[in-house]
file structure35.cif (mmCIF, C-alpha atoms)
data_coords
#
loop_
_atom_site.group_PDB
_atom_site.id
_atom_site.type_symbol
_atom_site.label_atom_id
_atom_site.label_comp_id
_atom_site.auth_asym_id
_atom_site.auth_seq_id
_atom_site.Cartn_x
_atom_site.Cartn_y
_atom_site.Cartn_z
ATOM 1 C CA MET A 1 87.252 89.236 134.990
ATOM 2 C CA LYS A 2 88.608 85.789 134.141
ATOM 3 C CA ASN A 3 89.649 83.618 137.077
ATOM 4 C CA LEU A 4 93.363 82.839 137.117
ATOM 5 C CA LYS A 5 92.789 79.365 138.543
ATOM 6 C CA ASP A 6 91.089 78.424 135.253
ATOM 7 C CA ILE A 7 94.146 79.347 133.178
ATOM 8 C CA GLU A 8 95.877 76.348 131.566
ATOM 9 C CA LEU A 9 98.867 78.087 129.934
ATOM 10 C CA PHE A 10 100.915 80.913 131.460
ATOM 11 C CA VAL A 11 103.017 82.769 128.891
ATOM 12 C CA PHE A 12 105.871 84.714 130.474
ATOM 13 C CA ASP A 13 107.893 87.589 129.167
ATOM 14 C CA LEU A 14 111.502 87.291 130.374
ATOM 15 C CA ASP A 15 113.564 90.406 131.136
ATOM 16 C CA GLY A 16 111.724 92.591 133.636
ATOM 17 C CA THR A 17 109.238 89.832 134.431
ATOM 18 C CA VAL A 18 111.121 86.804 135.769
ATOM 19 C CA TYR A 19 114.613 88.294 135.833
ATOM 20 C CA ILE A 20 116.470 91.522 135.171
ATOM 21 C CA GLY A 21 119.761 91.025 133.388
ATOM 22 C CA ASN A 22 121.287 88.001 135.116
ATOM 23 C CA ASN A 23 119.425 88.475 138.386
ATOM 24 C CA GLU A 24 116.239 86.690 139.413
ATOM 25 C CA ILE A 25 113.314 88.878 140.404
ATOM 26 C CA ASP A 26 112.573 87.835 143.977
ATOM 27 C CA GLY A 27 110.825 84.446 144.077
ATOM 28 C CA SER A 28 109.914 84.241 140.393
ATOM 29 C CA TYR A 29 111.693 80.944 139.656
ATOM 30 C CA LYS A 30 109.975 79.158 142.534
ATOM 31 C CA ALA A 31 106.669 80.672 141.451
ATOM 32 C CA VAL A 32 107.061 79.239 137.949
ATOM 33 C CA GLU A 33 107.917 75.824 139.372
ATOM 34 C CA LYS A 34 104.880 75.978 141.641
ATOM 35 C CA LEU A 35 102.640 76.627 138.629
ATOM 36 C CA ARG A 36 104.084 73.533 136.948
ATOM 37 C CA LYS A 37 103.361 71.457 140.058
ATOM 38 C CA MET A 38 99.778 72.719 139.908
ATOM 39 C CA GLY A 39 99.508 71.191 136.432
ATOM 40 C CA LYS A 40 99.784 74.464 134.527
ATOM 41 C CA LYS A 41 101.621 74.712 131.217
ATOM 42 C CA VAL A 42 104.390 77.316 131.039
ATOM 43 C CA CYS A 43 105.863 79.129 128.049
ATOM 44 C CA PHE A 44 108.648 81.707 127.977
ATOM 45 C CA PHE A 45 107.974 83.908 124.949
ATOM 46 C CA THR A 46 110.411 86.516 123.710
ATOM 47 C CA ASN A 47 110.383 88.919 120.782
ATOM 48 C CA ASN A 48 114.179 88.833 120.586
ATOM 49 C CA SER A 49 115.032 86.976 117.372
ATOM 50 C CA SER A 50 118.794 87.442 117.653
ATOM 51 C CA ARG A 51 118.932 84.151 119.595
ATOM 52 C CA CYS A 52 117.438 80.766 118.781
ATOM 53 C CA HIS A 53 115.291 78.780 121.201
ATOM 54 C CA ASP A 54 118.228 76.539 122.202
ATOM 55 C CA ASP A 55 120.113 79.640 123.337
ATOM 56 C CA TYR A 56 117.257 80.504 125.686
ATOM 57 C CA VAL A 57 117.087 76.974 127.103
ATOM 58 C CA GLU A 58 120.798 77.205 127.913
ATOM 59 C CA ARG A 59 120.511 80.726 129.318
ATOM 60 C CA LEU A 60 117.499 80.046 131.550
ATOM 61 C CA ASN A 61 118.927 76.838 132.948
ATOM 62 C CA GLY A 62 122.235 78.629 133.525
ATOM 63 C CA LEU A 63 120.390 81.278 135.524
ATOM 64 C CA GLY A 64 118.706 78.597 137.624
ATOM 65 C CA LEU A 65 115.308 78.807 135.929
ATOM 66 C CA LYS A 66 114.461 75.314 134.744
ATOM 67 C CA ALA A 67 113.182 75.284 131.153
ATOM 68 C CA THR A 68 112.740 72.692 128.400
ATOM 69 C CA PRO A 69 112.876 73.357 124.632
ATOM 70 C CA GLU A 70 109.104 72.894 124.484
ATOM 71 C CA GLU A 71 108.649 75.765 126.951
ATOM 72 C CA ILE A 72 110.584 78.306 124.854
ATOM 73 C CA TYR A 73 109.004 80.248 122.000
ATOM 74 C CA THR A 74 110.565 83.115 120.081
ATOM 75 C CA SER A 75 109.379 85.500 117.398
ATOM 76 C CA GLY A 76 111.869 83.751 115.120
ATOM 77 C CA GLN A 77 110.057 80.439 115.606
ATOM 78 C CA VAL A 78 106.694 82.111 114.995
ATOM 79 C CA THR A 79 108.091 83.457 111.731
ATOM 80 C CA CYS A 80 109.400 80.047 110.654
ATOM 81 C CA GLU A 81 106.030 78.408 111.315
ATOM 82 C CA TYR A 82 104.221 81.182 109.460
ATOM 83 C CA LEU A 83 106.508 80.754 106.446
ATOM 84 C CA LEU A 84 105.992 76.988 106.367
ATOM 85 C CA LYS A 85 102.226 77.454 106.465
ATOM 86 C CA ASN A 86 101.909 80.370 104.041
ATOM 87 C CA TYR A 87 105.048 80.247 101.872
ATOM 88 C CA LYS A 88 105.970 76.568 101.823
ATOM 89 C CA GLY A 89 109.025 75.968 99.642
ATOM 90 C CA ALA A 90 109.786 79.685 99.323
ATOM 91 C CA ARG A 91 113.338 80.957 99.091
ATOM 92 C CA VAL A 92 113.937 83.524 101.835
ATOM 93 C CA PHE A 93 116.306 86.491 101.988
ATOM 94 C CA LEU A 94 116.873 86.913 105.722
ATOM 95 C CA LEU A 95 118.340 89.881 107.535
ATOM 96 C CA GLY A 96 119.484 88.037 110.628
ATOM 97 C CA ASN A 97 122.570 86.849 112.451
ATOM 98 C CA ASP A 98 123.931 83.289 112.332
ATOM 99 C CA ARG A 99 121.772 82.178 115.295
ATOM 100 C CA LEU A 100 118.564 83.222 113.530
ATOM 101 C CA LYS A 101 119.759 81.701 110.257
ATOM 102 C CA GLY A 102 120.353 78.442 112.100
ATOM 103 C CA GLU A 103 116.818 78.568 113.504
ATOM 104 C CA PHE A 104 115.358 79.002 110.018
ATOM 105 C CA GLU A 105 117.474 76.184 108.604
ATOM 106 C CA SER A 106 116.405 73.856 111.436
ATOM 107 C CA TYR A 107 112.826 74.335 110.190
ATOM 108 C CA GLY A 108 113.899 73.365 106.684
ATOM 109 C CA ILE A 109 113.542 76.875 105.268
ATOM 110 C CA THR A 110 115.751 77.670 102.274
ATOM 111 C CA LEU A 111 117.808 80.827 102.714
ATOM 112 C CA THR A 112 119.280 82.640 99.749
ATOM 113 C CA ASP A 113 120.860 85.946 98.803
ATOM 114 C CA GLU A 114 119.828 85.653 95.156
ATOM 115 C CA ASN A 115 116.353 85.604 93.593
ATOM 116 C CA PRO A 116 114.357 85.158 96.824
ATOM 117 C CA ASP A 117 110.584 84.774 96.988
ATOM 118 C CA VAL A 118 110.161 86.428 100.405
ATOM 119 C CA CYS A 119 112.140 88.946 102.479
ATOM 120 C CA VAL A 120 112.311 88.591 106.272
ATOM 121 C CA ILE A 121 113.865 91.064 108.679
ATOM 122 C CA GLY A 122 114.966 89.925 112.140
ATOM 123 C CA PHE A 123 117.059 91.474 114.899
ATOM 124 C CA ASP A 124 120.281 91.358 112.902
ATOM 125 C CA THR A 125 123.172 91.993 115.290
ATOM 126 C CA SER A 126 125.594 91.313 112.408
ATOM 127 C CA LEU A 127 123.933 93.787 110.028
ATOM 128 C CA SER A 128 125.993 95.125 107.147
ATOM 129 C CA TYR A 129 125.099 98.096 104.970
ATOM 130 C CA ASP A 130 125.452 96.042 101.789
ATOM 131 C CA ARG A 131 122.897 93.467 102.936
ATOM 132 C CA LEU A 132 120.497 96.140 104.169
ATOM 133 C CA TYR A 133 120.676 97.851 100.776
ATOM 134 C CA LYS A 134 120.166 94.546 98.978
ATOM 135 C CA PHE A 135 117.133 93.893 101.190
ATOM 136 C CA CYS A 136 115.738 97.283 100.117
ATOM 137 C CA GLN A 137 116.342 96.438 96.457
ATOM 138 C CA TYR A 138 114.292 93.248 96.727
ATOM 139 C CA LEU A 139 111.504 95.012 98.611
ATOM 140 C CA ASN A 140 111.462 97.741 95.997
ATOM 141 C CA LYS A 141 110.574 95.027 93.462
ATOM 142 C CA GLY A 142 107.468 94.210 95.503
ATOM 143 C CA LEU A 143 108.522 91.008 97.293
ATOM 144 C CA PRO A 144 106.554 90.020 100.433
ATOM 145 C CA TYR A 145 108.018 91.685 103.524
ATOM 146 C CA ILE A 146 107.856 89.994 106.943
ATOM 147 C CA ALA A 147 109.287 91.193 110.280
ATOM 148 C CA THR A 148 109.921 88.921 113.254
ATOM 149 C CA HIS A 149 108.917 91.604 115.797
ATOM 150 C CA PRO A 150 108.454 95.399 116.106
ATOM 151 C CA ASP A 151 110.660 96.398 119.092
ATOM 152 C CA MET A 152 112.476 99.709 118.780
ATOM 153 C CA ARG A 153 115.137 98.889 121.378
ATOM 154 C CA CYS A 154 116.660 95.923 123.186
ATOM 155 C CA PRO A 155 117.694 96.211 126.876
ATOM 156 C CA ALA A 156 121.468 96.399 127.347
ATOM 157 C CA PRO A 157 123.783 97.369 130.254
ATOM 158 C CA GLU A 158 125.017 100.858 129.276
ATOM 159 C CA CYS A 159 122.188 101.954 126.994
ATOM 160 C CA PRO A 160 119.523 100.206 124.905
ATOM 161 C CA MET A 161 120.642 98.524 121.685
ATOM 162 C CA PRO A 162 118.924 99.620 118.449
ATOM 163 C CA ASP A 163 116.462 96.837 117.640
ATOM 164 C CA ILE A 164 114.521 95.869 114.540
ATOM 165 C CA GLY A 165 112.147 98.840 114.807
ATOM 166 C CA GLY A 166 114.921 101.223 113.801
ATOM 167 C CA MET A 167 115.745 99.054 110.785
ATOM 168 C CA ILE A 168 112.074 99.034 109.774
ATOM 169 C CA GLU A 169 112.054 102.851 109.932
ATOM 170 C CA PHE A 170 115.259 103.035 107.888
ATOM 171 C CA ILE A 171 113.607 100.964 105.166
ATOM 172 C CA ARG A 172 110.344 102.942 105.325
ATOM 173 C CA LEU A 173 112.165 106.216 104.872
ATOM 174 C CA THR A 174 114.235 104.777 102.022
ATOM 175 C CA ILE A 175 111.666 102.977 99.830
ATOM 176 C CA ASN A 176 108.328 103.705 101.543
ATOM 177 C CA ARG A 177 107.704 100.063 102.503
ATOM 178 C CA THR A 178 106.568 98.788 105.892
ATOM 179 C CA PRO A 179 106.248 95.092 106.784
ATOM 180 C CA ASP A 180 103.253 93.307 105.278
ATOM 181 C CA ILE A 181 102.992 91.395 108.551
ATOM 182 C CA ILE A 182 104.796 91.446 111.915
ATOM 183 C CA MET A 183 105.057 88.253 113.963
ATOM 184 C CA GLY A 184 105.946 89.128 117.563
ATOM 185 C CA LYS A 185 104.136 90.837 120.432
ATOM 186 C CA PRO A 186 101.763 92.672 120.365
ATOM 187 C CA HIS A 187 100.552 91.291 117.019
ATOM 188 C CA LYS A 188 97.928 88.552 116.771
ATOM 189 C CA THR A 189 99.845 86.067 114.606
ATOM 190 C CA ALA A 190 102.023 85.050 117.549
ATOM 191 C CA GLY A 191 98.933 84.591 119.725
ATOM 192 C CA GLU A 192 97.316 82.336 117.137
ATOM 193 C CA ARG A 193 100.498 80.282 116.880
ATOM 194 C CA LEU A 194 100.781 80.026 120.681
ATOM 195 C CA ALA A 195 97.247 78.682 120.992
ATOM 196 C CA ALA A 196 97.886 76.165 118.206
ATOM 197 C CA ARG A 197 101.318 75.140 119.469
ATOM 198 C CA TYR A 198 100.142 74.348 123.004
ATOM 199 C CA ARG A 199 96.612 73.285 122.020
ATOM 200 C CA VAL A 200 95.012 75.664 124.483
ATOM 201 C CA ALA A 201 92.030 77.933 123.757
ATOM 202 C CA PRO A 202 92.792 81.683 123.987
ATOM 203 C CA GLU A 203 90.457 82.121 126.970
ATOM 204 C CA LYS A 204 92.591 79.593 128.877
ATOM 205 C CA ILE A 205 95.859 81.490 128.265
ATOM 206 C CA ALA A 206 97.395 84.258 130.402
ATOM 207 C CA MET A 207 100.102 86.629 129.205
ATOM 208 C CA VAL A 208 102.361 87.760 132.055
ATOM 209 C CA GLY A 209 104.683 90.696 131.458
ATOM 210 C CA ASP A 210 105.992 94.083 132.532
ATOM 211 C CA ARG A 211 105.194 96.218 129.477
ATOM 212 C CA LEU A 212 101.763 97.658 128.751
ATOM 213 C CA TYR A 213 102.362 98.355 125.053
ATOM 214 C CA THR A 214 103.742 94.903 124.186
ATOM 215 C CA ASP A 215 102.874 92.224 126.765
ATOM 216 C CA ILE A 216 99.519 93.543 127.944
ATOM 217 C CA ALA A 217 98.481 94.809 124.503
ATOM 218 C CA PHE A 218 99.367 91.361 123.136
ATOM 219 C CA GLY A 219 97.185 89.623 125.685
ATOM 220 C CA THR A 220 94.293 91.978 125.008
ATOM 221 C CA LYS A 221 94.457 91.620 121.216
ATOM 222 C CA CYS A 222 94.658 87.830 121.389
ATOM 223 C CA GLY A 223 91.819 87.286 123.852
ATOM 224 C CA PHE A 224 94.172 86.157 126.639
ATOM 225 C CA THR A 225 93.983 87.149 130.284
ATOM 226 C CA SER A 226 96.589 89.885 130.759
ATOM 227 C CA VAL A 227 98.716 90.013 133.901
ATOM 228 C CA LEU A 228 100.935 93.023 134.513
ATOM 229 C CA VAL A 229 103.836 92.799 136.955
ATOM 230 C CA LEU A 230 105.422 95.980 138.291
ATOM 231 C CA SER A 231 108.919 94.494 138.509
ATOM 232 C CA GLY A 232 110.150 95.928 135.223
ATOM 233 C CA GLU A 233 109.335 98.844 132.953
ATOM 234 C CA THR A 234 105.830 99.771 134.129
ATOM 235 C CA SER A 235 105.027 101.596 137.355
ATOM 236 C CA GLU A 236 101.576 101.718 138.944
ATOM 237 C CA ASP A 237 101.032 105.391 138.087
ATOM 238 C CA MET A 238 101.463 104.608 134.373
ATOM 239 C CA ILE A 239 98.396 102.360 134.253
ATOM 240 C CA PRO A 240 95.682 105.078 134.401
ATOM 241 C CA LEU A 241 97.469 106.966 131.601
ATOM 242 C CA SER A 242 97.464 103.978 129.248
ATOM 243 C CA ASP A 243 94.747 103.008 126.789
ATOM 244 C CA VAL A 244 95.769 99.389 127.403
ATOM 245 C CA LYS A 245 94.501 98.020 130.718
ATOM 246 C CA PRO A 246 95.600 94.729 132.309
ATOM 247 C CA ASP A 247 93.136 92.269 133.825
ATOM 248 C CA TYR A 248 95.406 91.773 136.849
ATOM 249 C CA VAL A 249 98.256 93.729 138.407
ATOM 250 C CA PHE A 250 100.826 92.259 140.804
ATOM 251 C CA ASP A 251 104.098 93.584 142.163
ATOM 252 C CA LYS A 252 105.951 90.427 141.145
ATOM 253 C CA VAL A 253 105.327 87.047 139.549
ATOM 254 C CA LYS A 254 105.493 85.348 142.940
ATOM 255 C CA ASP A 255 102.502 87.426 144.105
ATOM 256 C CA MET A 256 100.356 85.958 141.326
ATOM 257 C CA VAL A 257 100.535 82.366 142.574
ATOM 258 C CA ALA A 258 98.092 82.854 145.451
ATOM 259 C CA ALA A 259 95.464 84.121 143.000
ATOM 260 C CA VAL A 260 95.987 81.017 140.846
ATOM 261 C CA GLU A 261 95.566 78.753 143.864
ATOM 262 C CA ASN A 262 92.346 80.482 144.914
#

call {"tool": "encode", "arguments": {"input": "structure35.cif", "output": "structure tokens"}}
result
Amino acid sequence: MKNLKDIELFVFDLDGTVYIGNNEIDGSYKAVEKLRKMGKKVCFFTNNSSRCHDDYVERLNGLGLKATPEEIYTSGQVTCEYLLKNYKGARVFLLGNDRLKGEFESYGITLTDENPDVCVIGFDTSLSYDRLYKFCQYLNKGLPYIATHPDMRCPAPECPMPDIGGMIEFIRLTINRTPDIIMGKPHKTAGERLAARYRVAPEKIAMVGDRLYTDIAFGTKCGFTSVLVLSGETSEDMIPLSDVKPDYVFDKVKDMVAAVEN
């Protein structure tokens, strides 16, 4: 088992890991700050592409969790970087709200509704039927198909919100196309981009999260140390039933700090 004190970059999931809704999980903010004081790099990585990274900086600081733009990474940013590397100059048809469109434009990516070169689906909270159908028409012509992340649902107060996974299924059932590549957790592209972005080798990175099938699976696939916290979706009795096993298990993020110190 890898030693946590040798980790250089701690990548944190957000909801269920450091907070739930608008409420801090006991001691997690101080724990993150303590890691910084120990010289560790910190990244808050989210699959949710309905917000841009600036939104998360504002939200985290508003909640009392200090964060800089350099410490935020979203599946939308991963997608932008992938497009610039693999489809430089391409015209993109994007299913996404105005916040995601703004993120793409800040990277210099050209968005268009007509004659695109690539189709990208994000968590489009402003989705219209006409645009979804148009997206299907372009995919039916064989255009490259990229998804920002695979989540089926997004946490919300009264019940989960339908996330991008449902849209992907809608398209699959309509034209028998699935994404050529998916960017967010648990897929490896995001892990490769994380390592490159922070200039840290995979064996020096830890993924900290509350979900076995996204956070822990992501860490395992990318060669990171995986740290499961039991403050969110996963309970201890779920671990033996899962094919995905974490390297470390803690009740909360604050309980991990002592293992990093030792």

call {"tool": "residues_around", "arguments": {"input": "structure35.cif", "residues": "Ile181 in chain A", "least_positions_apart": "3", "cutoff": "12 Å", "atoms": "all atoms listed in the file", "output": "list of chain:residue names"}}
result
A:Val78, A:Thr79, A:Tyr82, A:Leu83, A:Asn86, A:Val118, A:Cys119, A:Val120, A:Ile121, A:Pro144, A:Tyr145, A:Ile146, A:Ala147, A:Thr148, A:His149, A:Pro150, A:Ile168, A:Arg177, A:Thr178, A:Gly184, A:Lys185, A:Pro186, A:His187, A:Lys188, A:Thr189, A:Ala190

call {"tool": "atom_distance", "arguments": {"input": "structure35.cif", "atom1": "CA of Tyr213 in chain A", "atom2": "CA of Lys245 in chain A"}}
result
9.7 Å

call {"tool": "atom_distance", "arguments": {"input": "structure35.cif", "atom1": "CA of Gly89 in chain A", "atom2": "CA of Asn115 in chain A"}}
result
13.5 Å

call {"tool": "resolve_selection", "arguments": {"input": "structure35.cif", "expression": "the PyMOL selection byres ((chain A and resi 153) around 9)", "output": "PDB file with C-alpha atoms, keeping the file's coordinate frame"}}
result
ATOM      1  CA  ASP A 151     110.660  96.398 119.092  1.00  0.00           C
ATOM      2  CA  MET A 152     112.476  99.709 118.780  1.00  0.00           C
ATOM      3  CA  CYS A 154     116.660  95.923 123.186  1.00  0.00           C
ATOM      4  CA  PRO A 155     117.694  96.211 126.876  1.00  0.00           C
ATOM      5  CA  PRO A 160     119.523 100.206 124.905  1.00  0.00           C
ATOM      6  CA  MET A 161     120.642  98.524 121.685  1.00  0.00           C
ATOM      7  CA  PRO A 162     118.924  99.620 118.449  1.00  0.00           C
ATOM      8  CA  ASP A 163     116.462  96.837 117.640  1.00  0.00           C
ATOM      9  CA  ILE A 164     114.521  95.869 114.540  1.00  0.00           C
ATOM     10  CA  GLY A 165     112.147  98.840 114.807  1.00  0.00           C
ATOM     11  CA  GLY A 166     114.921 101.223 113.801  1.00  0.00           C
TER      12      GLY A 166
END

call {"tool": "closest_residue", "arguments": {"input": "structure35.cif", "among": "A:Pro240, A:Pro246, A:Gly102, A:Gly209", "to": "Leu14 in chain A", "atoms": "all atoms listed in the file"}}
result
A:Gly209

call {"tool": "resolve_selection", "arguments": {"input": "structure35.cif", "expression": "the PyMOL selection byres ((chain A and resi 195) around 12)", "output": "VMD selection string"}}
result
chain A and resid 8 to 11 41 43 73 78 188 to 194 196 to 207 219 222 to 224

call {"tool": "closest_residue", "arguments": {"input": "structure35.cif", "among": "A:Ala217, A:Leu230, A:Cys159, A:Leu111", "to": "Ser242 in chain A", "atoms": "all atoms listed in the file"}}
result
A:Ala217

call {"tool": "residues_around", "arguments": {"input": "structure35.cif", "residues": "Arg51 in chain A", "least_positions_apart": "5", "cutoff": "9 Å", "atoms": "all atoms listed in the file", "output": "number ranges by chain"}}
result
A: 56, 74, 76, 97-100, 103, 123

call {"tool": "resolve_selection", "arguments": {"input": "structure35.cif", "expression": "the PyMOL selection byres ((chain A and resi 36) around 12)", "output": "short mmCIF file (atom, residue, chain, number, x, y, z; two decimals) with C-alpha atoms, keeping the file's coordinate frame"}}
result
data_model
loop_
_atom_site.label_atom_id
_atom_site.label_comp_id
_atom_site.auth_asym_id
_atom_site.auth_seq_id
_atom_site.Cartn_x
_atom_site.Cartn_y
_atom_site.Cartn_z
CA GLU A 8 95.88 76.35 131.57
CA LEU A 9 98.87 78.09 129.93
CA PHE A 10 100.92 80.91 131.46
CA TYR A 29 111.69 80.94 139.66
CA LYS A 30 109.98 79.16 142.53
CA ALA A 31 106.67 80.67 141.45
CA VAL A 32 107.06 79.24 137.95
CA GLU A 33 107.92 75.82 139.37
CA LYS A 34 104.88 75.98 141.64
CA LEU A 35 102.64 76.63 138.63
CA LYS A 37 103.36 71.46 140.06
CA MET A 38 99.78 72.72 139.91
CA GLY A 39 99.51 71.19 136.43
CA LYS A 40 99.78 74.46 134.53
CA LYS A 41 101.62 74.71 131.22
CA VAL A 42 104.39 77.32 131.04
CA CYS A 43 105.86 79.13 128.05
CA LYS A 66 114.46 75.31 134.74
CA ALA A 67 113.18 75.28 131.15
CA GLU A 71 108.65 75.76 126.95
CA VAL A 257 100.54 82.37 142.57
CA VAL A 260 95.99 81.02 140.85
#

call {"tool": "atom_distance", "arguments": {"input": "structure35.cif", "atom1": "CA of Arg172 in chain A", "atom2": "CA of Tyr138 in chain A"}}
result
13.5 Å

call {"tool": "axis_aligned_box", "arguments": {"input": "structure35.cif", "around": "range 185-204 of chain A", "padding_each_side": "4 Å", "output": "lines of an AutoDock Vina configuration file"}}
result
center_x = 97.3
center_y = 83.0
center_z = 121.7
size_x = 21.7
size_y = 27.4
size_z = 22.3

call {"tool": "residues_around", "arguments": {"input": "structure35.cif", "residues": "Leu60 in chain A", "least_positions_apart": "2", "cutoff": "12 Å", "atoms": "all atoms listed in the file", "output": "list of chain:residue names"}}
result
A:Leu14, A:Asp15, A:Val18, A:Tyr19, A:Gly21, A:Asn22, A:Asn23, A:Glu24, A:Tyr29, A:Phe44, A:His53, A:Asp54, A:Asp55, A:Tyr56, A:Val57, A:Glu58, A:Gly62, A:Leu63, A:Gly64, A:Leu65, A:Lys66, A:Ala67, A:Thr68, A:Pro69, A:Glu71, A:Ile72

call {"tool": "closest_residue", "arguments": {"input": "structure35.cif", "among": "A:Asp247, A:Asp210, A:Glu105, A:Asp113", "to": "Ser226 in chain A", "atoms": "all atoms listed in the file"}}
result
A:Asp247

call {"tool": "closest_residue", "arguments": {"input": "structure35.cif", "among": "A:Leu4, A:Asp255, A:Gly122, A:Gly27", "to": "Cys52 in chain A", "atoms": "all atoms listed in the file"}}
result
A:Gly122

call {"tool": "residues_near_point", "arguments": {"input": "structure35.cif", "point": "(125.9, 91.7, 108.3)", "cutoff": "12 Å", "atoms": "only C-alpha atoms", "output": "list in words"}}
result
Leu94, Leu95, Gly96, Asn97, Asp98, Lys101, Gly122, Phe123, Asp124, Thr125, Ser126, Leu127, Ser128, Tyr129, Asp130, Arg131, Leu132, Tyr133, Lys134 and Phe135 of chain A

call {"tool": "closest_residue", "arguments": {"input": "structure35.cif", "among": "A:Lys2, A:Arg59, A:Arg91, A:Lys254", "to": "Glu114 in chain A", "atoms": "all atoms listed in the file"}}
result
A:Arg91

call {"tool": "residues_near_point", "arguments": {"input": "structure35.cif", "point": "(108.2, 99.0, 139.5)", "cutoff": "12 Å", "atoms": "all atoms listed in the file", "output": "count of residues only"}}
result
22
